[in-house]
Structures are given as C-alpha cells and as structure tokens.
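The file protein.cif comes next; it holds mmCIF, C-alpha atoms.
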data_entry
#
loop_
_atom_site.label_atom_id
_atom_site.label_comp_id
_atom_site.auth_asym_id
_atom_site.auth_seq_id
_atom_site.Cartn_x
_atom_site.Cartn_y
_atom_site.Cartn_z
CA MET A 1 90.94 7.26 -48.58
CA LYS A 2 89.49 10.13 -46.56
CA GLN A 3 90.95 13.63 -46.68
CA SER A 4 90.49 16.64 -44.43
CA ILE A 5 91.56 20.29 -44.44
CA LEU A 6 92.07 22.36 -41.30
CA ILE A 7 92.45 26.13 -41.61
CA ILE A 8 93.90 27.74 -38.47
CA GLY A 9 93.30 31.42 -37.78
CA GLU A 10 90.56 33.92 -38.46
CA ASP A 11 92.96 35.84 -40.71
CA LEU A 12 92.75 33.04 -43.27
CA GLU A 13 89.09 32.21 -42.67
CA ILE A 14 87.91 35.67 -43.76
CA ASN A 15 90.34 35.97 -46.70
CA ARG A 16 88.18 34.54 -49.48
CA GLU A 17 90.64 35.14 -52.31
CA PHE A 18 93.48 33.42 -50.48
CA LEU A 19 91.20 30.58 -49.38
CA ASN A 20 90.30 30.01 -53.03
CA TYR A 21 94.03 29.73 -53.78
CA ILE A 22 94.44 27.18 -50.97
CA PHE A 23 91.44 25.15 -52.05
CA GLN A 24 92.38 25.14 -55.74
CA SER A 25 95.94 24.09 -54.90
CA TYR A 26 94.58 21.33 -52.70
CA GLU A 27 92.21 20.11 -55.39
CA ASP A 28 95.01 20.13 -57.98
CA HIS A 29 97.01 17.82 -55.70
CA PHE A 30 94.29 15.51 -54.38
CA GLY A 31 91.80 15.61 -57.25
CA GLU A 32 88.95 16.90 -55.12
CA LEU A 33 88.37 19.04 -52.05
CA GLY A 34 88.53 17.34 -48.65
CA VAL A 35 86.25 18.05 -45.68
CA VAL A 36 87.02 21.60 -44.53
CA SER A 37 87.08 22.83 -40.94
CA PHE A 38 88.25 26.06 -39.30
CA ALA A 39 89.79 26.73 -35.91
CA PRO A 40 90.78 30.01 -34.23
CA LYS A 41 94.47 30.22 -33.37
CA ASN A 42 93.86 30.66 -29.63
CA SER A 43 91.44 27.76 -29.32
CA LYS A 44 92.23 25.48 -26.38
CA GLU A 45 90.56 22.74 -28.38
CA LEU A 46 93.14 22.85 -31.17
CA PRO A 47 95.19 19.85 -29.93
CA PHE A 48 92.00 17.79 -29.62
CA ILE A 49 90.82 18.93 -33.05
CA ILE A 50 94.07 17.82 -34.70
CA GLU A 51 94.13 14.49 -32.84
CA ASN A 52 90.50 13.74 -33.70
CA LEU A 53 91.11 14.54 -37.37
CA SER A 54 94.06 12.13 -37.35
CA LYS A 55 91.74 9.38 -36.11
CA ASP A 56 88.92 10.08 -38.56
CA TYR A 57 90.89 10.76 -41.77
CA ASP A 58 93.77 9.20 -43.68
CA PHE A 59 95.23 12.52 -44.86
CA VAL A 60 95.01 15.81 -42.97
CA SER A 61 96.33 19.05 -44.46
CA ILE A 62 96.74 21.89 -41.95
CA PHE A 63 97.20 25.47 -43.11
CA GLY A 64 98.28 28.43 -41.01
CA SER A 65 100.19 31.68 -41.40
CA ASP A 66 103.56 32.18 -39.65
CA GLU A 67 102.40 32.27 -36.03
CA ASN A 68 99.72 29.62 -36.47
CA PHE A 69 102.10 27.33 -38.36
CA ALA A 70 104.43 27.47 -35.34
CA ILE A 71 101.55 26.79 -32.93
CA ALA A 72 100.44 23.77 -34.95
CA ALA A 73 104.03 22.49 -35.17
CA LYS A 74 104.35 22.61 -31.37
CA ILE A 75 101.03 20.77 -31.01
CA MET A 76 102.25 18.09 -33.42
CA ALA A 77 105.42 17.68 -31.36
CA THR A 78 103.35 17.22 -28.21
CA LEU A 79 100.94 14.74 -29.82
CA THR A 80 103.70 12.63 -31.39
CA GLY A 81 106.15 12.90 -28.50
CA GLY A 82 108.71 14.32 -30.88
CA SER A 83 110.87 17.41 -30.91
CA LEU A 84 111.13 20.38 -33.23
CA GLU A 85 114.08 21.71 -35.15
CA LEU A 86 114.65 24.44 -37.71
CA LYS A 87 115.04 22.61 -41.02
CA ASP A 88 115.96 25.76 -42.92
CA SER A 89 115.81 29.47 -42.23
CA THR A 90 111.98 29.50 -42.31
CA THR A 91 110.70 25.97 -41.64
CA LEU A 92 110.12 24.72 -38.10
CA ALA A 93 109.40 21.00 -38.35
CA LEU A 94 109.41 17.75 -36.42
CA LYS A 95 112.90 16.32 -36.13
CA ASP A 96 111.64 12.93 -37.35
CA SER A 97 109.35 14.27 -40.10
CA LEU A 98 108.47 11.83 -42.85
CA ASP A 99 109.38 14.58 -45.31
CA TYR A 100 109.86 18.32 -45.40
CA SER A 101 110.49 21.20 -47.76
CA LYS A 102 110.45 24.95 -47.40
CA ASN A 103 107.37 25.97 -45.36
CA SER A 104 105.98 22.43 -45.16
CA PHE A 105 106.52 19.16 -43.33
CA LEU A 106 104.85 15.74 -43.25
CA ALA A 107 104.36 13.64 -40.13
CA SER A 108 102.42 10.59 -38.98
CA LEU A 109 99.82 10.58 -36.21
CA ASN A 110 97.40 7.74 -35.44
CA ASN A 111 98.15 6.20 -38.86
CA ALA A 112 97.16 9.42 -40.63
CA GLN A 113 99.53 11.53 -42.67
CA ILE A 114 99.55 15.11 -41.37
CA ASN A 115 100.90 17.75 -43.74
CA LEU A 116 101.45 21.11 -42.05
CA ILE A 117 101.73 23.86 -44.67
CA LYS A 118 102.62 27.50 -44.10
CA ALA A 119 100.05 29.78 -45.73
CA ASN A 120 100.89 33.49 -45.70
CA PRO A 121 98.67 35.76 -47.83
CA ASN A 122 100.51 37.32 -50.77
CA GLU A 123 103.07 34.50 -50.69
CA GLU A 124 103.32 31.12 -52.39
CA LEU A 125 101.98 28.18 -50.39
CA GLY A 126 104.33 25.61 -48.97
CA GLU A 127 104.58 22.37 -50.94
CA PHE A 128 102.08 19.51 -50.62
CA LEU A 129 104.15 16.54 -49.45
CA THR A 130 101.48 13.86 -49.19
CA GLU A 131 101.92 11.01 -51.67
CA TYR A 132 98.40 10.17 -52.70
CA GLU A 133 96.98 7.66 -55.16
CA PRO A 134 93.30 8.48 -55.69
CA ASP A 135 90.77 5.68 -55.89
CA PHE A 136 88.32 7.89 -57.78
CA SER A 137 88.00 9.77 -61.05
CA TYR A 138 85.76 12.49 -62.44
CA PHE A 139 84.38 12.88 -65.96
CA HIS A 140 81.56 14.65 -67.79
CA LEU A 141 78.93 13.43 -70.20
CA ILE A 142 77.26 15.89 -72.59
CA ASP A 143 73.88 15.83 -74.29
CA ILE A 144 72.35 13.04 -72.20
CA ASP A 145 70.00 13.15 -69.22
CA THR A 146 70.97 11.88 -65.79
CA ASP A 147 68.53 8.95 -65.67
CA SER A 148 69.57 7.58 -69.07
CA ALA A 149 73.27 7.95 -68.25
CA LYS A 150 72.85 6.13 -64.96
CA ILE A 151 70.89 3.26 -66.52
CA LEU A 152 73.59 2.79 -69.15
CA MET A 153 76.51 3.01 -66.71
CA LEU A 154 75.20 0.83 -63.87
CA PRO A 155 75.99 -2.51 -65.57
CA LEU A 156 79.56 -1.32 -66.20
CA ALA A 157 79.87 -0.08 -62.62
CA LYS A 158 78.72 -3.44 -61.30
CA THR A 159 81.07 -5.38 -63.58
CA TYR A 160 84.12 -3.39 -62.50
CA ASP A 161 83.07 -2.90 -58.84
CA VAL A 162 82.85 0.88 -59.04
CA ASP A 163 80.42 3.23 -57.28
CA ILE A 164 79.14 6.20 -59.30
CA THR A 165 77.64 9.52 -58.25
CA LEU A 166 75.99 11.76 -60.85
CA ALA A 167 75.45 15.53 -60.61
CA GLN A 168 73.48 17.52 -63.18
CA ILE A 169 75.55 20.60 -63.95
CA LEU A 170 73.39 21.77 -66.87
CA PRO A 171 70.32 20.18 -68.46
CA ASN A 172 72.70 18.73 -71.08
CA LEU A 173 75.81 18.23 -68.92
CA ILE A 174 76.43 15.63 -66.20
CA LEU A 175 79.42 15.36 -63.87
CA VAL A 176 80.20 11.81 -62.73
CA ARG A 177 82.39 10.74 -59.81
CA ALA A 178 83.50 7.13 -60.10
CA LYS A 179 85.03 5.54 -56.98
CA SER A 180 86.71 2.17 -56.98
CA ASN A 181 85.80 -0.31 -54.27
CA LYS A 182 88.43 -2.56 -52.66
CA PHE A 183 88.81 -4.81 -55.71
CA GLY A 184 87.45 -2.34 -58.24
CA GLN A 185 88.93 -1.76 -61.70
CA ILE A 186 88.39 1.94 -62.28
CA GLU A 187 90.55 2.22 -65.42
CA SER A 188 88.59 -0.58 -67.11
CA PHE A 189 85.36 1.12 -66.08
CA LEU A 190 86.48 4.45 -67.56
CA GLN A 191 87.50 2.78 -70.81
CA GLY A 192 84.10 1.10 -70.97
CA VAL A 193 82.34 4.43 -70.41
CA LYS A 194 84.43 6.09 -73.11
CA THR A 195 83.54 3.34 -75.57
CA LEU A 196 79.87 3.43 -74.62
CA PHE A 197 79.40 7.18 -74.86
CA SER A 198 82.00 7.98 -77.53
CA GLN A 199 81.57 11.67 -78.42
CA LYS A 200 79.71 12.47 -75.22
CA PHE A 201 82.63 11.63 -72.89
CA ILE A 202 84.88 14.34 -71.42
CA PRO A 203 87.62 12.74 -69.28
CA GLN A 204 88.04 15.80 -67.06
CA LYS A 205 86.49 17.38 -64.01
CA ASP A 206 87.05 20.79 -65.65
CA VAL A 207 85.33 21.13 -69.03
CA ILE A 208 87.05 24.42 -69.89
CA LYS A 209 90.47 22.95 -69.11
CA PHE A 210 89.63 20.08 -71.46
CA VAL A 211 88.82 22.58 -74.23
CA ALA A 212 91.93 24.64 -73.56
CA LYS A 213 94.26 21.63 -73.63
CA LYS A 214 92.81 20.37 -76.91
CA LEU A 215 93.19 23.76 -78.56
CA MET A 216 96.77 24.13 -77.33
CA GLN A 217 97.67 20.61 -78.48
CA LYS A 218 96.36 21.34 -81.97
CA GLY A 219 97.75 24.87 -82.26
CA LEU A 220 94.32 26.47 -82.58
CA LYS A 221 93.21 29.87 -81.29
CA ILE A 222 89.98 31.21 -79.84
CA SER A 223 88.55 34.67 -79.11
CA PHE A 224 85.50 35.83 -77.16
CA ALA A 225 82.72 38.40 -77.42
CA GLU A 226 80.70 38.73 -74.24
CA SER A 227 77.85 40.86 -73.02
CA CYS A 228 76.11 39.71 -69.80
CA THR A 229 79.09 37.56 -68.75
CA ALA A 230 81.43 40.57 -69.04
CA GLY A 231 84.59 38.63 -69.86
CA LEU A 232 83.95 35.63 -67.59
CA ALA A 233 84.35 33.07 -70.39
CA ALA A 234 87.69 34.60 -71.35
CA ALA A 235 88.86 34.88 -67.73
CA LYS A 236 88.15 31.19 -67.11
CA PHE A 237 90.03 30.24 -70.27
CA ALA A 238 93.05 32.24 -69.12
CA ARG A 239 93.49 30.24 -65.89
CA TYR A 240 95.83 27.66 -67.43
CA GLY A 241 99.56 27.84 -67.99
CA GLY A 242 100.65 28.21 -71.61
CA ILE A 243 97.24 29.51 -72.66
CA SER A 244 98.74 32.36 -74.72
CA ALA A 245 99.32 29.75 -77.42
CA SER A 246 95.54 29.53 -77.95
CA PHE A 247 94.07 32.73 -76.48
CA ASP A 248 93.84 35.36 -79.22
CA GLY A 249 91.67 38.04 -77.62
CA SER A 250 88.49 39.06 -75.84
CA LEU A 251 85.89 41.79 -76.30
CA VAL A 252 83.36 42.80 -73.67
CA THR A 253 80.55 44.39 -75.67
CA TYR A 254 77.98 45.23 -73.03
CA ALA A 255 76.23 48.19 -74.64
CA ASN A 256 74.44 47.86 -77.99
CA HIS A 257 76.40 50.66 -79.60
CA ILE A 258 79.63 48.85 -78.68
CA LYS A 259 78.32 45.66 -80.28
CA HIS A 260 77.69 47.72 -83.39
CA GLU A 261 80.93 49.74 -83.39
CA TRP A 262 83.36 47.03 -82.32
CA LEU A 263 81.80 43.90 -83.80
CA GLY A 264 79.77 45.27 -86.66
CA VAL A 265 76.43 43.99 -85.35
CA GLU A 266 73.96 45.75 -87.61
CA ASP A 267 71.50 48.23 -86.10
CA GLU A 268 68.74 46.40 -87.96
CA ILE A 269 69.51 43.23 -85.98
CA LEU A 270 69.57 45.11 -82.69
CA ASP A 271 66.38 47.05 -83.48
CA THR A 272 64.44 44.09 -84.86
CA TYR A 273 65.58 41.16 -82.70
CA GLY A 274 67.36 42.81 -79.78
CA ALA A 275 70.75 42.11 -78.25
CA VAL A 276 69.42 38.96 -76.61
CA SER A 277 68.73 36.98 -79.76
CA GLU A 278 70.14 34.36 -82.09
CA PRO A 279 70.86 36.85 -84.91
CA CYS A 280 72.82 39.03 -82.48
CA VAL A 281 75.12 36.29 -81.12
CA LYS A 282 75.70 35.02 -84.65
CA ALA A 283 76.75 38.52 -85.69
CA MET A 284 78.95 38.77 -82.59
CA VAL A 285 80.72 35.55 -83.60
CA LYS A 286 81.27 36.80 -87.14
CA GLY A 287 82.49 40.18 -85.91
CA THR A 288 84.94 38.58 -83.50
CA LEU A 289 86.39 36.32 -86.18
CA SER A 290 86.79 39.27 -88.55
CA THR A 291 88.50 41.33 -85.83
CA THR A 292 90.94 38.67 -84.57
CA ASN A 293 93.16 35.93 -85.92
CA ALA A 294 91.30 33.22 -84.03
CA ASP A 295 90.14 29.91 -85.48
CA PHE A 296 87.05 29.95 -83.24
CA ALA A 297 84.90 32.50 -81.45
CA LEU A 298 82.44 32.26 -78.58
CA ALA A 299 79.66 34.83 -78.08
CA ILE A 300 77.29 35.33 -75.15
CA SER A 301 74.40 37.76 -74.75
CA GLY A 302 71.58 37.52 -72.26
CA ILE A 303 69.64 38.77 -69.26
CA ALA A 304 71.42 37.70 -66.08
CA GLY A 305 69.06 39.59 -63.76
CA PRO A 306 67.79 40.32 -61.29
CA GLY A 307 65.96 42.88 -63.47
CA GLY A 308 65.66 43.47 -67.18
CA GLY A 309 63.42 40.57 -68.12
CA THR A 310 60.24 40.74 -70.19
CA ALA A 311 57.38 38.36 -70.87
CA SER A 312 59.04 37.11 -74.06
CA LYS A 313 62.57 37.23 -72.67
CA PRO A 314 62.46 36.57 -68.93
CA VAL A 315 65.46 36.85 -66.64
CA GLY A 316 67.75 33.92 -67.38
CA THR A 317 67.26 34.09 -71.14
CA VAL A 318 70.72 33.81 -72.66
CA TYR A 319 71.96 33.07 -76.17
CA VAL A 320 75.36 31.44 -76.56
CA ALA A 321 77.16 30.68 -79.80
CA ALA A 322 80.37 29.18 -81.15
CA GLY A 323 81.66 29.68 -84.67
CA ASP A 324 84.61 28.93 -86.92
CA ARG A 325 86.25 30.53 -89.95
CA ASN A 326 84.32 28.31 -92.36
CA GLY A 327 81.10 30.04 -91.41
CA ASN A 328 79.77 27.25 -89.19
CA ILE A 329 77.93 28.54 -86.11
CA GLU A 330 76.32 26.58 -83.27
CA VAL A 331 73.72 28.51 -81.24
CA GLU A 332 71.81 27.59 -78.10
CA ARG A 333 69.02 29.49 -76.33
CA LEU A 334 69.12 29.04 -72.57
CA LEU A 335 66.38 29.58 -70.00
CA LEU A 336 68.34 29.56 -66.78
CA LYS A 337 67.24 29.86 -63.16
CA GLY A 338 69.18 31.19 -60.20
CA ASP A 339 70.83 34.40 -59.11
CA ARG A 340 72.80 36.69 -61.41
CA ASN A 341 76.19 35.07 -60.96
CA TYR A 342 74.87 31.50 -61.24
CA VAL A 343 73.20 32.43 -64.54
CA ARG A 344 76.49 33.91 -65.79
CA GLU A 345 78.48 30.83 -64.75
CA GLN A 346 76.02 28.48 -66.47
CA SER A 347 76.02 30.64 -69.59
CA VAL A 348 79.81 30.42 -69.89
CA LEU A 349 79.80 26.65 -69.53
CA SER A 350 77.02 26.35 -72.13
CA ALA A 351 79.03 28.43 -74.61
CA TYR A 352 81.95 26.01 -74.34
CA LEU A 353 79.56 23.10 -74.93
CA CYS A 354 78.53 24.80 -78.18
CA LEU A 355 82.17 24.70 -79.26
CA LEU A 356 82.40 20.98 -78.43
CA ARG A 357 79.39 20.29 -80.64
CA LEU A 358 80.62 22.58 -83.41
CA LYS A 359 83.92 20.73 -83.78
CA SER A 360 83.41 17.32 -82.20
CA GLU A 361 86.06 15.83 -84.50
CA ILE A 362 88.68 18.01 -82.79
CA PHE A 363 87.66 17.36 -79.22
CA PHE A 364 86.52 13.74 -79.34
CA ALA A 365 88.78 12.17 -81.96
#
Would you put the structure from the file into structure tokens?
Amino acid sequence: MKQSILIIGEDLEINREFLNYIFQSYEDHFGELGVVSFAPKNSKELPFIIENLSKDYDFVSIFGSDENFAIAAKIMATLTGGSLELKDSTTLALKDSLDYSKNSFLASLNNAQINLIKANPNEELGEFLTEYEPDFSYFHLIDIDTDSAKILMLPLAKTYDVDITLAQILPNLILVRAKSNKFGQIESFLQGVKTLFSQKFIPQKDVIKFVAKKLMQKGLKISFAESCTAGLAAAKFARYGGISASFDGSLVTYANHIKHEWLGVEDEILDTYGAVSEPCVKAMVKGTLSTTNADFALAISGIAGPGGGTASKPVGTVYVAAGDRNGNIEVERLLLKGDRNYVREQSVLSAYLCLLRLKSEIFFA
C-alpha cells in the first residue's frame, strides 16, 4: 500500500516545529512516513495535484490550516461530484464522507482514501481516519554487521516471501524494514528472525522507546549525566507518555568544574585523563547513581565539533557509559563522523545500546 502526504500552504511549509508534529503523528498512525509534497494555497494546479495523488497512491493525507482546509474541501467536492455540509461547528466536510470527526473527514477518489485534516499551529491536529493495515514492519539488530545480518536473514525472507531493506544506523546497529509480498507471512518471518538473533533483536523502529517501555514495565528508573549532548539523551527519553514512572532525573555537566562539583568527578581524573575519557564517564555514572534514586545511569562526554579536537582525541571522539547500582559499568569509545548534531544524535543512541548490553536479561528476556 502506497501512502502520500500533501501539505497545503506556505505557512505550514516553513513551520518546522509544527511540521515535525504532523510527521510524527502521521508516522505513529501509519508506521512510517509517506511521500511528502507541498503546494501553495493559491496554486491553480492544486486540483490536478490532488487528483494525480489519488491515482498514484492508496492513501493520501492532506493537511491545511483553516482557510486551506476549506479550499481543499471544495476541491474534493468538485472532484467527487459531491456537496459540502457543516458536520459540526468547525468541520466542513463532504456530505457523503466515508467518515468524519472534528477537523477531519475521509473520502474516496479514484479508489484512493483521501483524509483531509485541519492543521492549525498551536492546536491539536484533526484525527487520522484512515483504517490501515501495514504490510511491513521495522526492527533493529545490535552488534552485527550489515553483510552478516543480510546473509543470515535472506533464507528466512525467501521462505516467508518477504522483502528486506537494511540501513546501518551505527557501526553496531542495523535498522531493518521487512515488507510482505502478496502471499508473504511477515509474522512468521519476524518470529524466525527473533529466534535466529535472540539477544540482538529489538522489535521496534525506535530503540529508545523500546528501552523506555521495558523500564516502565519492570518499574525501574534511570537518570542521565551529559556533557556534549547537553541533555539530548534525557529529552529523547521524556518523549513518551507515562515516562515519569521511570525517569528519575538528568544533569547537564558541561564544564569540568560542574562535573566535579555536581557528580564528584575527581580533579585527578580530569587533570590526568581529561573529560573525554573512560575514567571520566565511569565517574559520571557513579556520581549520578549516588545523587539520584535511579537503578541505572547513562553518561556521555565527548567532542562534538566542529572544533576542539586534538591528534589523540579528534572531533567525533565520544565516550558513552551505562551503569547500575551493583557497580557494573559498560563503556564504549566512539569515533564518529559528521556534523555536530549528527555526532550528538549518534552518541545518544550509542549510550542506550550500552544499557542494552549491560542488562540484556532485562531487555531481551
């Protein structure tokens, strides 16, 4: 099944924060992002754009603020030969809509389902009304290279008539998209992969969400100490509803004297090894656990760039660590490439992988 997104209006196109809200909401509903296109509200081509999308895709989601929602609704009425009516005080919709709710309606055009959704910045999006059964699934594999993973999965994919696409997220983390063909058996394929890879298999597109859910299910708490990522690991953890059950606290310890004063990282460690070192992140983990009531702690310290690197510690050198109250600590030294924010994103993900390795019996049981 093919999905498409149409954003109408320059006011939405330039609003990155609101677009992120739209795209995340869409992905939560459909499982992945559809093909995105933009159209100005006054475009004479808009009727042709909508009609062509209805011919090329099975599901089309159209987003527009008040005025553009009304424009798109009138275009839908023209294309379908239908009429419009006010379904409630705010929702203009086709009289013969397949479904509707506040600020949203669903219609059929050229065998495609068209969901027109009102999208006003600083307001909640209208409801997604499309009933969609995905023929694909995403999962991650840790601590295996792409070539080896593909060689091992191909026989399973052939047996269950499933196509697989692999993306290397980190050197030790692979994202896999499995898509069922017409007579494919995707659930059997996924069960086979889980059996084959055992404690390397993460049945989620979002690794951090997987960690968060496991911690919440088991009533366990985590805290964070971050330097170069400046709270990014904690912010990503806080994205999920109910997370207060497992989120104990977060410390951004950017400067060395803050690492010392807040976390108790000894000056000797900072003077001898530096803030970007294994002894430092270990001390950060221990200091976080002594400061909070958490069961686990993650620590990150590195050189995100673009400056600050040296011959022995070039830009992209990052140490990440995960520890527990029993004194167990897992540390990884990263040598990352990319711009500052890409290095920070990869560092955060690597820190969570340390936690998965530290307590595999919790996450992969």
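Of the listed residues (A:Val252, A:Ala322, A:Leu353, A:Ile164), A:Val252 comes nearest to Ala230 of chain A; the distances count all atoms listed in the file.
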Check which residues of segment 100-214 of chain A sit at most 8 Å from segment 13-35 of chain A using only C-alpha atoms, and return one row each with the closest pair of atoms and their distance in Å to one decimal, ordered by chain and rising number, as a tab-separated table.
residue	atom	partner	partner_atom	distance
A:Pro121	CA	A:Phe18	CA	6.3
A:Leu125	CA	A:Ile22	CA	7.6
A:Phe128	CA	A:His29	CA	7.4
A:Tyr132	CA	A:Phe30	CA	6.9
A:Pro134	CA	A:Phe30	CA	7.2
A:Ser137	CA	A:Gly31	CA	7.9
With all atoms listed in the file as the counted atoms, please give the residues lying no more than 7 Å from Ala299 of chain A, apart from itself and same-chain residues fewer than 5 positions off, as a ChimeraX atom specification. /A:224-226,281,284-285,320-322
Kindly give the distance, in Å, that separates atom CA of Ile71 of chain A and atom CA of Gln113 of chain A, rounded to a single decimal.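 Result for atom CA of Ile71 of chain A versus atom CA of Gln113 of chain A: 18.2 Å, one decimal.
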Step by step, gather every atom of segment 340-346 of chain A that the file lists, find the box along x, y and z that holds them, add 6 Å on each side, and finally give centre and edge lengths in Å to one decimal, as AutoDock Vina command-line options.
--center_x 75.6 --center_y 32.6 --center_z -63.7 --size_x 17.7 --size_y 20.2 --size_z 17.5
Compile the contact shell of segment 101-108 of chain A as a PDB file with C-alpha atoms, in the coordinates of the input: residues with an atom at most 7 Å away, counting only C-alpha atoms, same-chain residues fewer than 2 positions apart removed.
ATOM      1  CA  THR A  90     111.980  29.500 -42.310  1.00  0.00           C
ATOM      2  CA  THR A  91     110.700  25.970 -41.640  1.00  0.00           C
ATOM      3  CA  ALA A  93     109.400  21.000 -38.350  1.00  0.00           C
ATOM      4  CA  SER A  97     109.350  14.270 -40.100  1.00  0.00           C
ATOM      5  CA  LEU A  98     108.470  11.830 -42.850  1.00  0.00           C
ATOM      6  CA  ASP A  99     109.380  14.580 -45.310  1.00  0.00           C
ATOM      7  CA  ASN A 110      97.400   7.740 -35.440  1.00  0.00           C
ATOM      8  CA  ASN A 111      98.150   6.200 -38.860  1.00  0.00           C
ATOM      9  CA  ALA A 112      97.160   9.420 -40.630  1.00  0.00           C
ATOM     10  CA  GLN A 113      99.530  11.530 -42.670  1.00  0.00           C
ATOM     11  CA  ILE A 114      99.550  15.110 -41.370  1.00  0.00           C
ATOM     12  CA  ASN A 115     100.900  17.750 -43.740  1.00  0.00           C
ATOM     13  CA  LEU A 116     101.450  21.110 -42.050  1.00  0.00           C
ATOM     14  CA  ILE A 117     101.730  23.860 -44.670  1.00  0.00           C
ATOM     15  CA  LYS A 118     102.620  27.500 -44.100  1.00  0.00           C
ATOM     16  CA  GLY A 126     104.330  25.610 -48.970  1.00  0.00           C
ATOM     17  CA  GLU A 127     104.580  22.370 -50.940  1.00  0.00           C
ATOM     18  CA  LEU A 129     104.150  16.540 -49.450  1.00  0.00           C
TER      19      LEU A 129
END
Name the residues that the PyMOL selection byres ((chain A and resi 280) around 9) pulls out of this structure, and write them as a PDB file with C-alpha atoms, in the coordinates of the input.
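Below is the file result.pdb, written as the result:
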ATOM      1  CA  LYS A 259      78.320  45.660 -80.280  1.00  0.00           C
ATOM      2  CA  VAL A 265      76.430  43.990 -85.350  1.00  0.00           C
ATOM      3  CA  GLU A 266      73.960  45.750 -87.610  1.00  0.00           C
ATOM      4  CA  ILE A 269      69.510  43.230 -85.980  1.00  0.00           C
ATOM      5  CA  LEU A 270      69.570  45.110 -82.690  1.00  0.00           C
ATOM      6  CA  TYR A 273      65.580  41.160 -82.700  1.00  0.00           C
ATOM      7  CA  GLY A 274      67.360  42.810 -79.780  1.00  0.00           C
ATOM      8  CA  ALA A 275      70.750  42.110 -78.250  1.00  0.00           C
ATOM      9  CA  VAL A 276      69.420  38.960 -76.610  1.00  0.00           C
ATOM     10  CA  SER A 277      68.730  36.980 -79.760  1.00  0.00           C
ATOM     11  CA  GLU A 278      70.140  34.360 -82.090  1.00  0.00           C
ATOM     12  CA  PRO A 279      70.860  36.850 -84.910  1.00  0.00           C
ATOM     13  CA  VAL A 281      75.120  36.290 -81.120  1.00  0.00           C
ATOM     14  CA  LYS A 282      75.700  35.020 -84.650  1.00  0.00           C
ATOM     15  CA  ALA A 283      76.750  38.520 -85.690  1.00  0.00           C
ATOM     16  CA  MET A 284      78.950  38.770 -82.590  1.00  0.00           C
ATOM     17  CA  VAL A 285      80.720  35.550 -83.600  1.00  0.00           C
ATOM     18  CA  SER A 301      74.400  37.760 -74.750  1.00  0.00           C
ATOM     19  CA  TYR A 319      71.960  33.070 -76.170  1.00  0.00           C
TER      20      TYR A 319
END
Step by step, work through what the PyMOL selection byres ((chain A and resi 238) around 12) selects in the shown file, and finish by giving those residues as a PyMOL selection string. chain A and resi 208-209+211-213+222-224+231-237+239-250
Atomic separation - atom CA of Leu334 of chain A relative to atom CA of Val207 of chain A, Å: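 Answer for the atom CA of Val207 of chain A to atom CA of Leu334 of chain A separation: 18.4 Å.
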Tell me, in Å to one decimal, how far atom CA of Asp96 of chain A is from atom CA of Pro47 of chain A.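 Answer for the atom CA of Asp96 of chain A to atom CA of Pro47 of chain A separation: 19.3 Å.
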Could you tell me which residues the PyMOL selection byres ((chain A and resi 95) around 9) grabs in this file, written as a ChimeraX atom specification? /A:77,82-87,93-94,96-97
Choose the residue, out of A:Asn256, A:Phe183, A:Asn120, A:Phe136, that has the smallest atom-to-atom separation from Glu268 of chain A; count only C-alpha atoms.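 The answer is A:Asn256, which sits nearest to Glu268 of chain A.
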Using only C-alpha atoms, list the residues that have an atom at most 10 Å from (85.0, -0.6, -56.5), coordinates as in the file, as a list in words.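 The requested residues, written out, are Asp135, Phe136, Ala157, Lys158, Thr159, Tyr160, Asp161, Val162, Asp163, Ile164, Ala178, Lys179, Ser180, Asn181, Lys182, Phe183, Gly184, Gln185, Ile186 and Phe189 of chain A.
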How close does each residue of segment 142-225 of chain A get to segment 360-365 of chain A, giving the shortest atom pair and distance in Å to one decimal for every residue with an atom at most 12 Å away, counting all atoms listed in the file, sorted by chain and residue number, as a Markdown table?
| residue | atom | partner | partner_atom | distance |
| --- | --- | --- | --- | --- |
| A:Ile142 | CA | A:Ser360 | CA | 11.5 |
| A:Lys194 | CA | A:Phe364 | CA | 10.1 |
| A:Thr195 | CA | A:Phe364 | CA | 11.5 |
| A:Phe197 | CA | A:Phe364 | CA | 10.7 |
| A:Ser198 | CA | A:Phe364 | CA | 7.5 |
| A:Gln199 | CA | A:Phe364 | CA | 5.4 |
| A:Lys200 | CA | A:Phe364 | CA | 8.1 |
| A:Phe201 | CA | A:Phe364 | CA | 7.8 |
| A:Ile202 | CA | A:Phe364 | CA | 8.1 |
| A:Pro203 | CA | A:Phe364 | CA | 10.2 |
| A:Val207 | CA | A:Phe363 | CA | 11.1 |
| A:Ile208 | CA | A:Phe363 | CA | 11.7 |
| A:Lys209 | CA | A:Phe363 | CA | 11.9 |
| A:Phe210 | CA | A:Phe363 | CA | 8.5 |
| A:Val211 | CA | A:Phe363 | CA | 7.3 |
| A:Ala212 | CA | A:Phe363 | CA | 10.2 |
| A:Lys213 | CA | A:Phe363 | CA | 9.6 |
| A:Lys214 | CA | A:Phe363 | CA | 6.4 |
| A:Leu215 | CA | A:Ile362 | CA | 8.4 |
| A:Met216 | CA | A:Phe363 | CA | 11.5 |
| A:Gln217 | CA | A:Ile362 | CA | 10.3 |
| A:Lys218 | CA | A:Ile362 | CA | 8.4 |
| A:Gly219 | CA | A:Ile362 | CA | 11.4 |
| A:Leu220 | CA | A:Ile362 | CA | 10.2 |
Output C-alpha atoms for every residue in the selection just made, as a CSV table (one decimal), in the frame of the given file.
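Dumped to again-v9.csv:
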chain,number,residue,atom,x,y,z
A,142,ILE,CA,77.3,15.9,-72.6
A,194,LYS,CA,84.4,6.1,-73.1
A,195,THR,CA,83.5,3.3,-75.6
A,197,PHE,CA,79.4,7.2,-74.9
A,198,SER,CA,82.0,8.0,-77.5
A,199,GLN,CA,81.6,11.7,-78.4
A,200,LYS,CA,79.7,12.5,-75.2
A,201,PHE,CA,82.6,11.6,-72.9
A,202,ILE,CA,84.9,14.3,-71.4
A,203,PRO,CA,87.6,12.7,-69.3
A,207,VAL,CA,85.3,21.1,-69.0
A,208,ILE,CA,87.0,24.4,-69.9
A,209,LYS,CA,90.5,23.0,-69.1
A,210,PHE,CA,89.6,20.1,-71.5
A,211,VAL,CA,88.8,22.6,-74.2
A,212,ALA,CA,91.9,24.6,-73.6
A,213,LYS,CA,94.3,21.6,-73.6
A,214,LYS,CA,92.8,20.4,-76.9
A,215,LEU,CA,93.2,23.8,-78.6
A,216,MET,CA,96.8,24.1,-77.3
A,217,GLN,CA,97.7,20.6,-78.5
A,218,LYS,CA,96.4,21.3,-82.0
A,219,GLY,CA,97.8,24.9,-82.3
A,220,LEU,CA,94.3,26.5,-82.6
Nearest to Ser350 of chain A: which of A:Ala119, A:Asp271, A:Asp206, A:Glu332 is it, counting all atoms listed in the file? A:Glu332
